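S.K.: What follows is coords.pdb, made up of PDB, C-alpha atoms:
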```pdb
ATOM      1  CA  GLY A  15       0.000   0.000   0.000  1.00  0.00           C
ATOM      2  CA  ASP A  16       2.987   2.359   0.198  1.00  0.00           C
ATOM      3  CA  LEU A  17       3.616   4.663  -2.754  1.00  0.00           C
ATOM      4  CA  ALA A  18       7.189   5.681  -3.589  1.00  0.00           C
ATOM      5  CA  ARG A  19       9.168   7.162  -6.478  1.00  0.00           C
ATOM      6  CA  TYR A  20      12.770   7.420  -7.557  1.00  0.00           C
ATOM      7  CA  THR A  21      14.397  10.827  -7.162  1.00  0.00           C
ATOM      8  CA  GLY A  22      16.814  12.259  -9.722  1.00  0.00           C
ATOM      9  CA  ALA A  23      19.658  10.917  -7.530  1.00  0.00           C
ATOM     10  CA  GLY A  24      18.271   7.390  -7.830  1.00  0.00           C
ATOM     11  CA  GLU A  25      16.979   7.216  -4.221  1.00  0.00           C
ATOM     12  CA  LEU A  26      13.533   5.990  -3.236  1.00  0.00           C
ATOM     13  CA  GLU A  27      11.293   8.699  -1.801  1.00  0.00           C
ATOM     14  CA  TYR A  28       8.170   7.781   0.212  1.00  0.00           C
ATOM     15  CA  VAL A  29       5.157   9.655  -1.200  1.00  0.00           C
ATOM     16  CA  GLY A  30       2.231   8.242   0.806  1.00  0.00           C
ATOM     17  CA  ARG A  31      -0.339   5.469   0.812  1.00  0.00           C
ATOM     18  CA  VAL A  32      -2.319   4.114  -2.115  1.00  0.00           C
ATOM     19  CA  ASP A  33      -5.056   2.755   0.141  1.00  0.00           C
ATOM     20  CA  GLU A  34      -7.004   4.165   3.100  1.00  0.00           C
ATOM     21  CA  GLN A  35      -4.839   2.471   5.734  1.00  0.00           C
ATOM     22  CA  VAL A  36      -3.840   4.654   8.682  1.00  0.00           C
ATOM     23  CA  LYS A  37      -1.888   4.123  11.868  1.00  0.00           C
ATOM     24  CA  VAL A  38      -3.584   5.214  15.084  1.00  0.00           C
ATOM     25  CA  ARG A  39      -2.241   4.435  18.577  1.00  0.00           C
ATOM     26  CA  GLY A  40       0.170   1.899  17.068  1.00  0.00           C
ATOM     27  CA  TYR A  41      -2.491  -0.045  15.130  1.00  0.00           C
ATOM     28  CA  ARG A  42      -2.739  -0.220  11.357  1.00  0.00           C
ATOM     29  CA  ILE A  43      -6.370   0.351  10.480  1.00  0.00           C
ATOM     30  CA  GLU A  44      -8.155   0.060   7.148  1.00  0.00           C
ATOM     31  CA  LEU A  45     -10.827   2.776   7.318  1.00  0.00           C
ATOM     32  CA  GLY A  46     -12.899   1.052   4.633  1.00  0.00           C
ATOM     33  CA  GLU A  47     -13.459  -1.934   6.942  1.00  0.00           C
ATOM     34  CA  ILE A  48     -15.041   0.299   9.575  1.00  0.00           C
ATOM     35  CA  GLU A  49     -17.138   2.107   6.964  1.00  0.00           C
ATOM     36  CA  ALA A  50     -18.420  -1.207   5.573  1.00  0.00           C
ATOM     37  CA  VAL A  51     -19.596  -2.362   9.010  1.00  0.00           C
ATOM     38  CA  LEU A  52     -21.239   1.019   9.733  1.00  0.00           C
ATOM     39  CA  GLN A  53     -23.152   0.801   6.449  1.00  0.00           C
ATOM     40  CA  GLN A  54     -24.599  -2.562   7.499  1.00  0.00           C
ATOM     41  CA  HIS A  55     -26.600  -0.791  10.229  1.00  0.00           C
ATOM     42  CA  ALA A  56     -30.246  -0.443   9.171  1.00  0.00           C
ATOM     43  CA  GLY A  57     -30.375   3.253  10.095  1.00  0.00           C
ATOM     44  CA  VAL A  58     -27.255   4.239   8.143  1.00  0.00           C
ATOM     45  CA  ARG A  59     -27.386   5.122   4.451  1.00  0.00           C
ATOM     46  CA  GLU A  60     -23.723   6.111   4.024  1.00  0.00           C
ATOM     47  CA  ALA A  61     -20.660   6.235   6.267  1.00  0.00           C
ATOM     48  CA  ILE A  62     -17.143   7.641   6.231  1.00  0.00           C
ATOM     49  CA  VAL A  63     -14.438   7.278   8.875  1.00  0.00           C
ATOM     50  CA  LEU A  64     -11.571   9.761   9.223  1.00  0.00           C
ATOM     51  CA  VAL A  65      -8.652  10.290  11.564  1.00  0.00           C
ATOM     52  CA  ARG A  66      -8.812  13.624  13.364  1.00  0.00           C
ATOM     53  CA  GLY A  67      -6.345  15.269  15.737  1.00  0.00           C
ATOM     54  CA  GLU A  68      -2.608  15.533  16.134  1.00  0.00           C
ATOM     55  CA  ALA A  69      -0.085  12.800  17.102  1.00  0.00           C
ATOM     56  CA  GLU A  70      -1.095  11.283  20.476  1.00  0.00           C
ATOM     57  CA  GLN A  71      -4.492  12.973  20.324  1.00  0.00           C
ATOM     58  CA  GLN A  72      -5.515  11.269  17.073  1.00  0.00           C
ATOM     59  CA  GLN A  73      -8.931   9.696  17.101  1.00  0.00           C
ATOM     60  CA  LEU A  74     -11.198   7.904  14.682  1.00  0.00           C
ATOM     61  CA  VAL A  75     -14.376   9.804  13.859  1.00  0.00           C
ATOM     62  CA  GLY A  76     -17.304   8.098  12.169  1.00  0.00           C
ATOM     63  CA  TYR A  77     -19.522  10.249   9.948  1.00  0.00           C
ATOM     64  CA  VAL A  78     -22.928   8.869   8.997  1.00  0.00           C
ATOM     65  CA  VAL A  79     -25.813   9.985   6.836  1.00  0.00           C
ATOM     66  CA  THR A  80     -28.917   8.265   8.135  1.00  0.00           C
ATOM     67  CA  ALA A  81     -31.533   6.528   6.059  1.00  0.00           C
ATOM     68  CA  ALA A  82     -34.763   8.502   5.472  1.00  0.00           C
ATOM     69  CA  GLY A  83     -36.711   8.903   8.708  1.00  0.00           C
ATOM     70  CA  GLU A  84     -34.118   7.032  10.786  1.00  0.00           C
ATOM     71  CA  THR A  85     -32.214   8.184  13.844  1.00  0.00           C
ATOM     72  CA  VAL A  86     -29.230   6.406  15.332  1.00  0.00           C
ATOM     73  CA  THR A  87     -27.352   7.033  18.552  1.00  0.00           C
ATOM     74  CA  SER A  88     -23.628   6.785  19.163  1.00  0.00           C
ATOM     75  CA  SER A  89     -24.226   3.861  21.490  1.00  0.00           C
ATOM     76  CA  GLU A  90     -26.171   1.971  18.791  1.00  0.00           C
ATOM     77  CA  LEU A  91     -23.390   2.505  16.274  1.00  0.00           C
ATOM     78  CA  ARG A  92     -20.718   1.562  18.796  1.00  0.00           C
ATOM     79  CA  ALA A  93     -22.612  -1.623  19.764  1.00  0.00           C
ATOM     80  CA  ALA A  94     -22.982  -2.649  16.109  1.00  0.00           C
ATOM     81  CA  LEU A  95     -19.270  -2.126  15.472  1.00  0.00           C
ATOM     82  CA  GLU A  96     -18.240  -3.978  18.646  1.00  0.00           C
ATOM     83  CA  GLN A  97     -19.969  -7.099  17.302  1.00  0.00           C
ATOM     84  CA  GLN A  98     -17.582  -7.285  14.327  1.00  0.00           C
ATOM     85  CA  LEU A  99     -14.479  -5.189  15.000  1.00  0.00           C
ATOM     86  CA  PRO A 100     -11.755  -5.036  17.648  1.00  0.00           C
ATOM     87  CA  GLU A 101     -11.904  -2.178  20.164  1.00  0.00           C
ATOM     88  CA  TYR A 102      -9.059  -0.211  18.546  1.00  0.00           C
ATOM     89  CA  MET A 103     -11.138   0.088  15.340  1.00  0.00           C
ATOM     90  CA  ILE A 104     -14.184   1.637  17.060  1.00  0.00           C
ATOM     91  CA  PRO A 105     -14.439   5.400  16.382  1.00  0.00           C
ATOM     92  CA  GLN A 106     -14.179   7.548  19.496  1.00  0.00           C
ATOM     93  CA  ALA A 107     -16.790   9.970  18.151  1.00  0.00           C
ATOM     94  CA  PHE A 108     -19.683   9.892  15.713  1.00  0.00           C
ATOM     95  CA  VAL A 109     -21.176  12.771  13.731  1.00  0.00           C
ATOM     96  CA  THR A 110     -24.589  12.405  12.100  1.00  0.00           C
ATOM     97  CA  LEU A 111     -25.267  14.530   9.033  1.00  0.00           C
ATOM     98  CA  ALA A 112     -28.351  15.083   6.874  1.00  0.00           C
ATOM     99  CA  GLN A 113     -26.147  15.014   3.762  1.00  0.00           C
ATOM    100  CA  TRP A 114     -22.479  15.131   2.808  1.00  0.00           C
ATOM    101  CA  PRO A 115     -20.756  18.463   2.144  1.00  0.00           C
ATOM    102  CA  LEU A 116     -19.918  18.557  -1.550  1.00  0.00           C
ATOM    103  CA  THR A 117     -17.338  20.358  -3.652  1.00  0.00           C
ATOM    104  CA  VAL A 118     -18.430  22.495  -6.620  1.00  0.00           C
ATOM    105  CA  ASN A 119     -17.893  19.367  -8.753  1.00  0.00           C
ATOM    106  CA  GLY A 120     -20.405  17.410  -6.664  1.00  0.00           C
ATOM    107  CA  LYS A 121     -17.798  15.217  -4.940  1.00  0.00           C
ATOM    108  CA  LEU A 122     -17.507  14.626  -1.198  1.00  0.00           C
ATOM    109  CA  ASP A 123     -15.587  17.474   0.454  1.00  0.00           C
ATOM    110  CA  ARG A 124     -13.766  15.634   3.254  1.00  0.00           C
ATOM    111  CA  LYS A 125     -12.160  18.868   4.478  1.00  0.00           C
ATOM    112  CA  ALA A 126     -15.615  20.348   5.086  1.00  0.00           C
ATOM    113  CA  LEU A 127     -16.724  17.510   7.373  1.00  0.00           C
ATOM    114  CA  PRO A 128     -17.209  19.055  10.823  1.00  0.00           C
ATOM    115  CA  GLU A 129     -15.066  18.230  13.815  1.00  0.00           C
ATOM    116  CA  PRO A 130     -16.944  16.497  16.639  1.00  0.00           C
ATOM    117  CA  ASP A 131     -18.501  19.352  18.569  1.00  0.00           C
ATOM    118  CA  GLY A 132     -17.570  18.320  22.115  1.00  0.00           C
ATOM    119  CA  SER A 133     -21.170  17.816  23.160  1.00  0.00           C
ATOM    120  CA  ARG A 134     -22.158  14.686  25.027  1.00  0.00           C
ATOM    121  CA  PRO A 135     -22.804  11.902  22.494  1.00  0.00           C
ATOM    122  CA  ALA A 136     -26.295  10.434  22.203  1.00  0.00           C
ATOM    123  CA  LEU A 137     -25.809   7.301  24.275  1.00  0.00           C
ATOM    124  CA  GLY A 138     -29.464   6.401  24.702  1.00  0.00           C
ATOM    125  CA  ARG A 139     -29.624   7.339  28.366  1.00  0.00           C
ATOM    126  CA  GLU A 140     -30.494  10.513  30.207  1.00  0.00           C
ATOM    127  CA  TYR A 141     -27.851  12.918  31.506  1.00  0.00           C
ATOM    128  CA  VAL A 142     -27.513  12.903  35.299  1.00  0.00           C
ATOM    129  CA  ALA A 143     -25.288  15.623  36.748  1.00  0.00           C
ATOM    130  CA  PRO A 144     -22.577  14.827  39.314  1.00  0.00           C
ATOM    131  CA  ARG A 145     -24.030  14.863  42.849  1.00  0.00           C
ATOM    132  CA  THR A 146     -20.965  14.798  45.083  1.00  0.00           C
ATOM    133  CA  ALA A 147     -17.624  16.571  45.146  1.00  0.00           C
ATOM    134  CA  VAL A 148     -15.817  13.383  44.056  1.00  0.00           C
ATOM    135  CA  GLU A 149     -18.204  12.892  41.115  1.00  0.00           C
ATOM    136  CA  GLU A 150     -17.676  16.549  40.109  1.00  0.00           C
ATOM    137  CA  VAL A 151     -13.882  16.160  40.152  1.00  0.00           C
ATOM    138  CA  LEU A 152     -14.001  12.932  38.117  1.00  0.00           C
ATOM    139  CA  ALA A 153     -16.457  14.434  35.616  1.00  0.00           C
ATOM    140  CA  GLY A 154     -14.160  17.460  35.295  1.00  0.00           C
ATOM    141  CA  ILE A 155     -11.134  15.266  34.576  1.00  0.00           C
ATOM    142  CA  TRP A 156     -13.030  13.191  32.011  1.00  0.00           C
ATOM    143  CA  SER A 157     -14.382  16.360  30.411  1.00  0.00           C
ATOM    144  CA  GLU A 158     -10.871  17.758  30.004  1.00  0.00           C
ATOM    145  CA  VAL A 159      -9.317  14.520  28.729  1.00  0.00           C
ATOM    146  CA  LEU A 160     -12.165  13.646  26.341  1.00  0.00           C
ATOM    147  CA  GLY A 161     -13.079  17.174  25.236  1.00  0.00           C
ATOM    148  CA  ILE A 162     -16.743  16.653  26.136  1.00  0.00           C
ATOM    149  CA  GLU A 163     -18.675  19.316  28.014  1.00  0.00           C
ATOM    150  CA  GLN A 164     -21.159  17.250  30.026  1.00  0.00           C
ATOM    151  CA  ILE A 165     -20.270  13.981  31.734  1.00  0.00           C
ATOM    152  CA  SER A 166     -23.122  12.040  33.327  1.00  0.00           C
ATOM    153  CA  ILE A 167     -22.590   9.892  36.408  1.00  0.00           C
ATOM    154  CA  HIS A 168     -23.858   6.924  34.359  1.00  0.00           C
ATOM    155  CA  ASP A 169     -21.471   7.448  31.406  1.00  0.00           C
ATOM    156  CA  THR A 170     -18.563   5.119  30.814  1.00  0.00           C
ATOM    157  CA  PHE A 171     -15.138   6.384  29.805  1.00  0.00           C
ATOM    158  CA  PHE A 172     -14.827   4.126  26.750  1.00  0.00           C
ATOM    159  CA  GLN A 173     -18.334   4.799  25.411  1.00  0.00           C
ATOM    160  CA  LEU A 174     -17.514   8.502  25.492  1.00  0.00           C
ATOM    161  CA  GLY A 175     -14.526   7.889  23.232  1.00  0.00           C
ATOM    162  CA  GLY A 176     -11.847   7.179  25.799  1.00  0.00           C
ATOM    163  CA  ASP A 177      -9.104   4.674  25.171  1.00  0.00           C
ATOM    164  CA  SER A 178      -6.145   3.226  27.028  1.00  0.00           C
ATOM    165  CA  ILE A 179      -3.819   6.052  25.947  1.00  0.00           C
ATOM    166  CA  ARG A 180      -6.229   8.750  27.142  1.00  0.00           C
ATOM    167  CA  SER A 181      -6.838   6.903  30.415  1.00  0.00           C
ATOM    168  CA  ILE A 182      -3.175   7.446  31.307  1.00  0.00           C
ATOM    169  CA  GLN A 183      -3.792  11.191  31.262  1.00  0.00           C
TER     170      GLN A 183
END
```
Translate the structure described by the file into structure tokens.

M.R.:
Amino acid sequence: GDLARYTGAGELEYVGRVDEQVKVRGYRIELGEIEAVLQQHAGVREAIVLVRGEAEQQQLVGYVVTAAGETVTSSELRAALEQQLPEYMIPQAFVTLAQWPLTVNGKLDRKALPEPDGSRPALGREYVAPRTAVEEVLAGIWSEVLGIEQISIHDTFFQLGGDSIRSIQ
């Protein structure tokens, strides 16, 4: 999958990848595999997965356009993916769109796909605010590490997009 060329001096120069394989947190991931599983969900019409962030803060983000009249939650998508993929291939965030942003030529404009907004993902359960000082401190730490504004006392670190690398923080 690597693409290279010979320079004028006869040396090989790495240009990039031919496929959609990326390396995140030490794992080689084929984004198309994740997209294919997302598209198997009854509520999803189309799906794209991208890597967002810098170096150690890189995360997989799943973008979905739902089927007509359908709604899907992050927890539903995560559960569907967990049935077929290893944990390291599960996107940390999901963004649902009504339609894809397009270029003037009518092609998908990947650069125009929005960053996850930092709001609490739709996990299928109601938000319950921290009740004690300890819960407030923990919610504050999770909020900072995960970049999510509201952390419910019933949320789990991994369902909110946490991973082993972020847990160290």

S.K.: Kindly give the distance, in Å, that separates CA of Val63 in chain A and CA of Val75 in chain A, rounded to a single decimal.

M.R.: 5.6 Å

S.K.: What would the selection look like, as an MDAnalysis selection string, if the PyMOL selection byres ((chain A and resi 23-38) around 12) were run on the coordinates I just shared?

M.R.: chainID A and resid 15:22 39:49 62:75 102:106 177 179

S.K.: Would you kindly translate the PyMOL selection byres ((chain A and resi 143) around 6) into the concrete residues it picks from this file, as a list in words?

M.R.: Val142, Pro144 and Ser166 of chain A

S.K.: Counting all atoms listed in the file, what is within 8 Å of Ala61 in chain A, bar same-chain residues fewer than 6 positions away, as a PyMOL selection string?

M.R.: chain A and resi 49-50+52-53+76-79

S.K.: Save out the residues we just selected, C-alpha atoms, as a PDB file, in the frame of the given file.

M.R.:
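What ended up in result_23.pdb:
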```pdb
ATOM      1  CA  GLU A  49     -17.138   2.107   6.964  1.00  0.00           C
ATOM      2  CA  ALA A  50     -18.420  -1.207   5.573  1.00  0.00           C
ATOM      3  CA  LEU A  52     -21.239   1.019   9.733  1.00  0.00           C
ATOM      4  CA  GLN A  53     -23.152   0.801   6.449  1.00  0.00           C
ATOM      5  CA  GLY A  76     -17.304   8.098  12.169  1.00  0.00           C
ATOM      6  CA  TYR A  77     -19.522  10.249   9.948  1.00  0.00           C
ATOM      7  CA  VAL A  78     -22.928   8.869   8.997  1.00  0.00           C
ATOM      8  CA  VAL A  79     -25.813   9.985   6.836  1.00  0.00           C
TER       9      VAL A  79
END
```

S.K.: So how far away is CA of His55 in chain A from CA of Asp131 in chain A, in Å?

M.R.: 23.3 Å

S.K.: To test your reading of the syntax: which residues would the PyMOL selection byres ((chain A and resi 57) around 9) return for the file shown? Reply as a list in words.

M.R.: Gln53, Gln54, His55, Ala56, Val58, Arg59, Val79, Thr80, Ala81, Ala82, Gly83, Glu84, Thr85 and Val86 of chain A

S.K.: How would the residues just chosen look if you wrote them out with C-alpha atoms as a PDB file, in the frame of the given file?

M.R.:
```pdb
ATOM      1  CA  GLN A  53     -23.152   0.801   6.449  1.00  0.00           C
ATOM      2  CA  GLN A  54     -24.599  -2.562   7.499  1.00  0.00           C
ATOM      3  CA  HIS A  55     -26.600  -0.791  10.229  1.00  0.00           C
ATOM      4  CA  ALA A  56     -30.246  -0.443   9.171  1.00  0.00           C
ATOM      5  CA  VAL A  58     -27.255   4.239   8.143  1.00  0.00           C
ATOM      6  CA  ARG A  59     -27.386   5.122   4.451  1.00  0.00           C
ATOM      7  CA  VAL A  79     -25.813   9.985   6.836  1.00  0.00           C
ATOM      8  CA  THR A  80     -28.917   8.265   8.135  1.00  0.00           C
ATOM      9  CA  ALA A  81     -31.533   6.528   6.059  1.00  0.00           C
ATOM     10  CA  ALA A  82     -34.763   8.502   5.472  1.00  0.00           C
ATOM     11  CA  GLY A  83     -36.711   8.903   8.708  1.00  0.00           C
ATOM     12  CA  GLU A  84     -34.118   7.032  10.786  1.00  0.00           C
ATOM     13  CA  THR A  85     -32.214   8.184  13.844  1.00  0.00           C
ATOM     14  CA  VAL A  86     -29.230   6.406  15.332  1.00  0.00           C
TER      15      VAL A  86
END
```

S.K.: Suppose you want the space between CA of Val109 in chain A and CA of Pro130 in chain A; what is it in Å?

M.R.: 6.3 Å

S.K.: Of the residues A:Val51, A:Ala112, A:Leu99, A:Asp169, which is the one nearest to Glu149 in chain A, using only C-alpha atoms?

M.R.: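 Using only C-alpha atoms, Glu149 in chain A sits closest to A:Asp169.
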
S.K.: Go through A:Pro100, A:Pro115, A:Gly120, A:Gly154 one by one, measure the shortest atom-to-atom distance of each to Ile167 in chain A using all atoms listed in the file, and give the residue with the smallest value.

M.R.: A:Gly154

S.K.: Of the candidates A:Val159, A:Arg139, A:Leu111, A:Ala126, which shows the shortest atom-to-atom distance to Glu90 in chain A, using all atoms listed in the file?

M.R.: A:Arg139
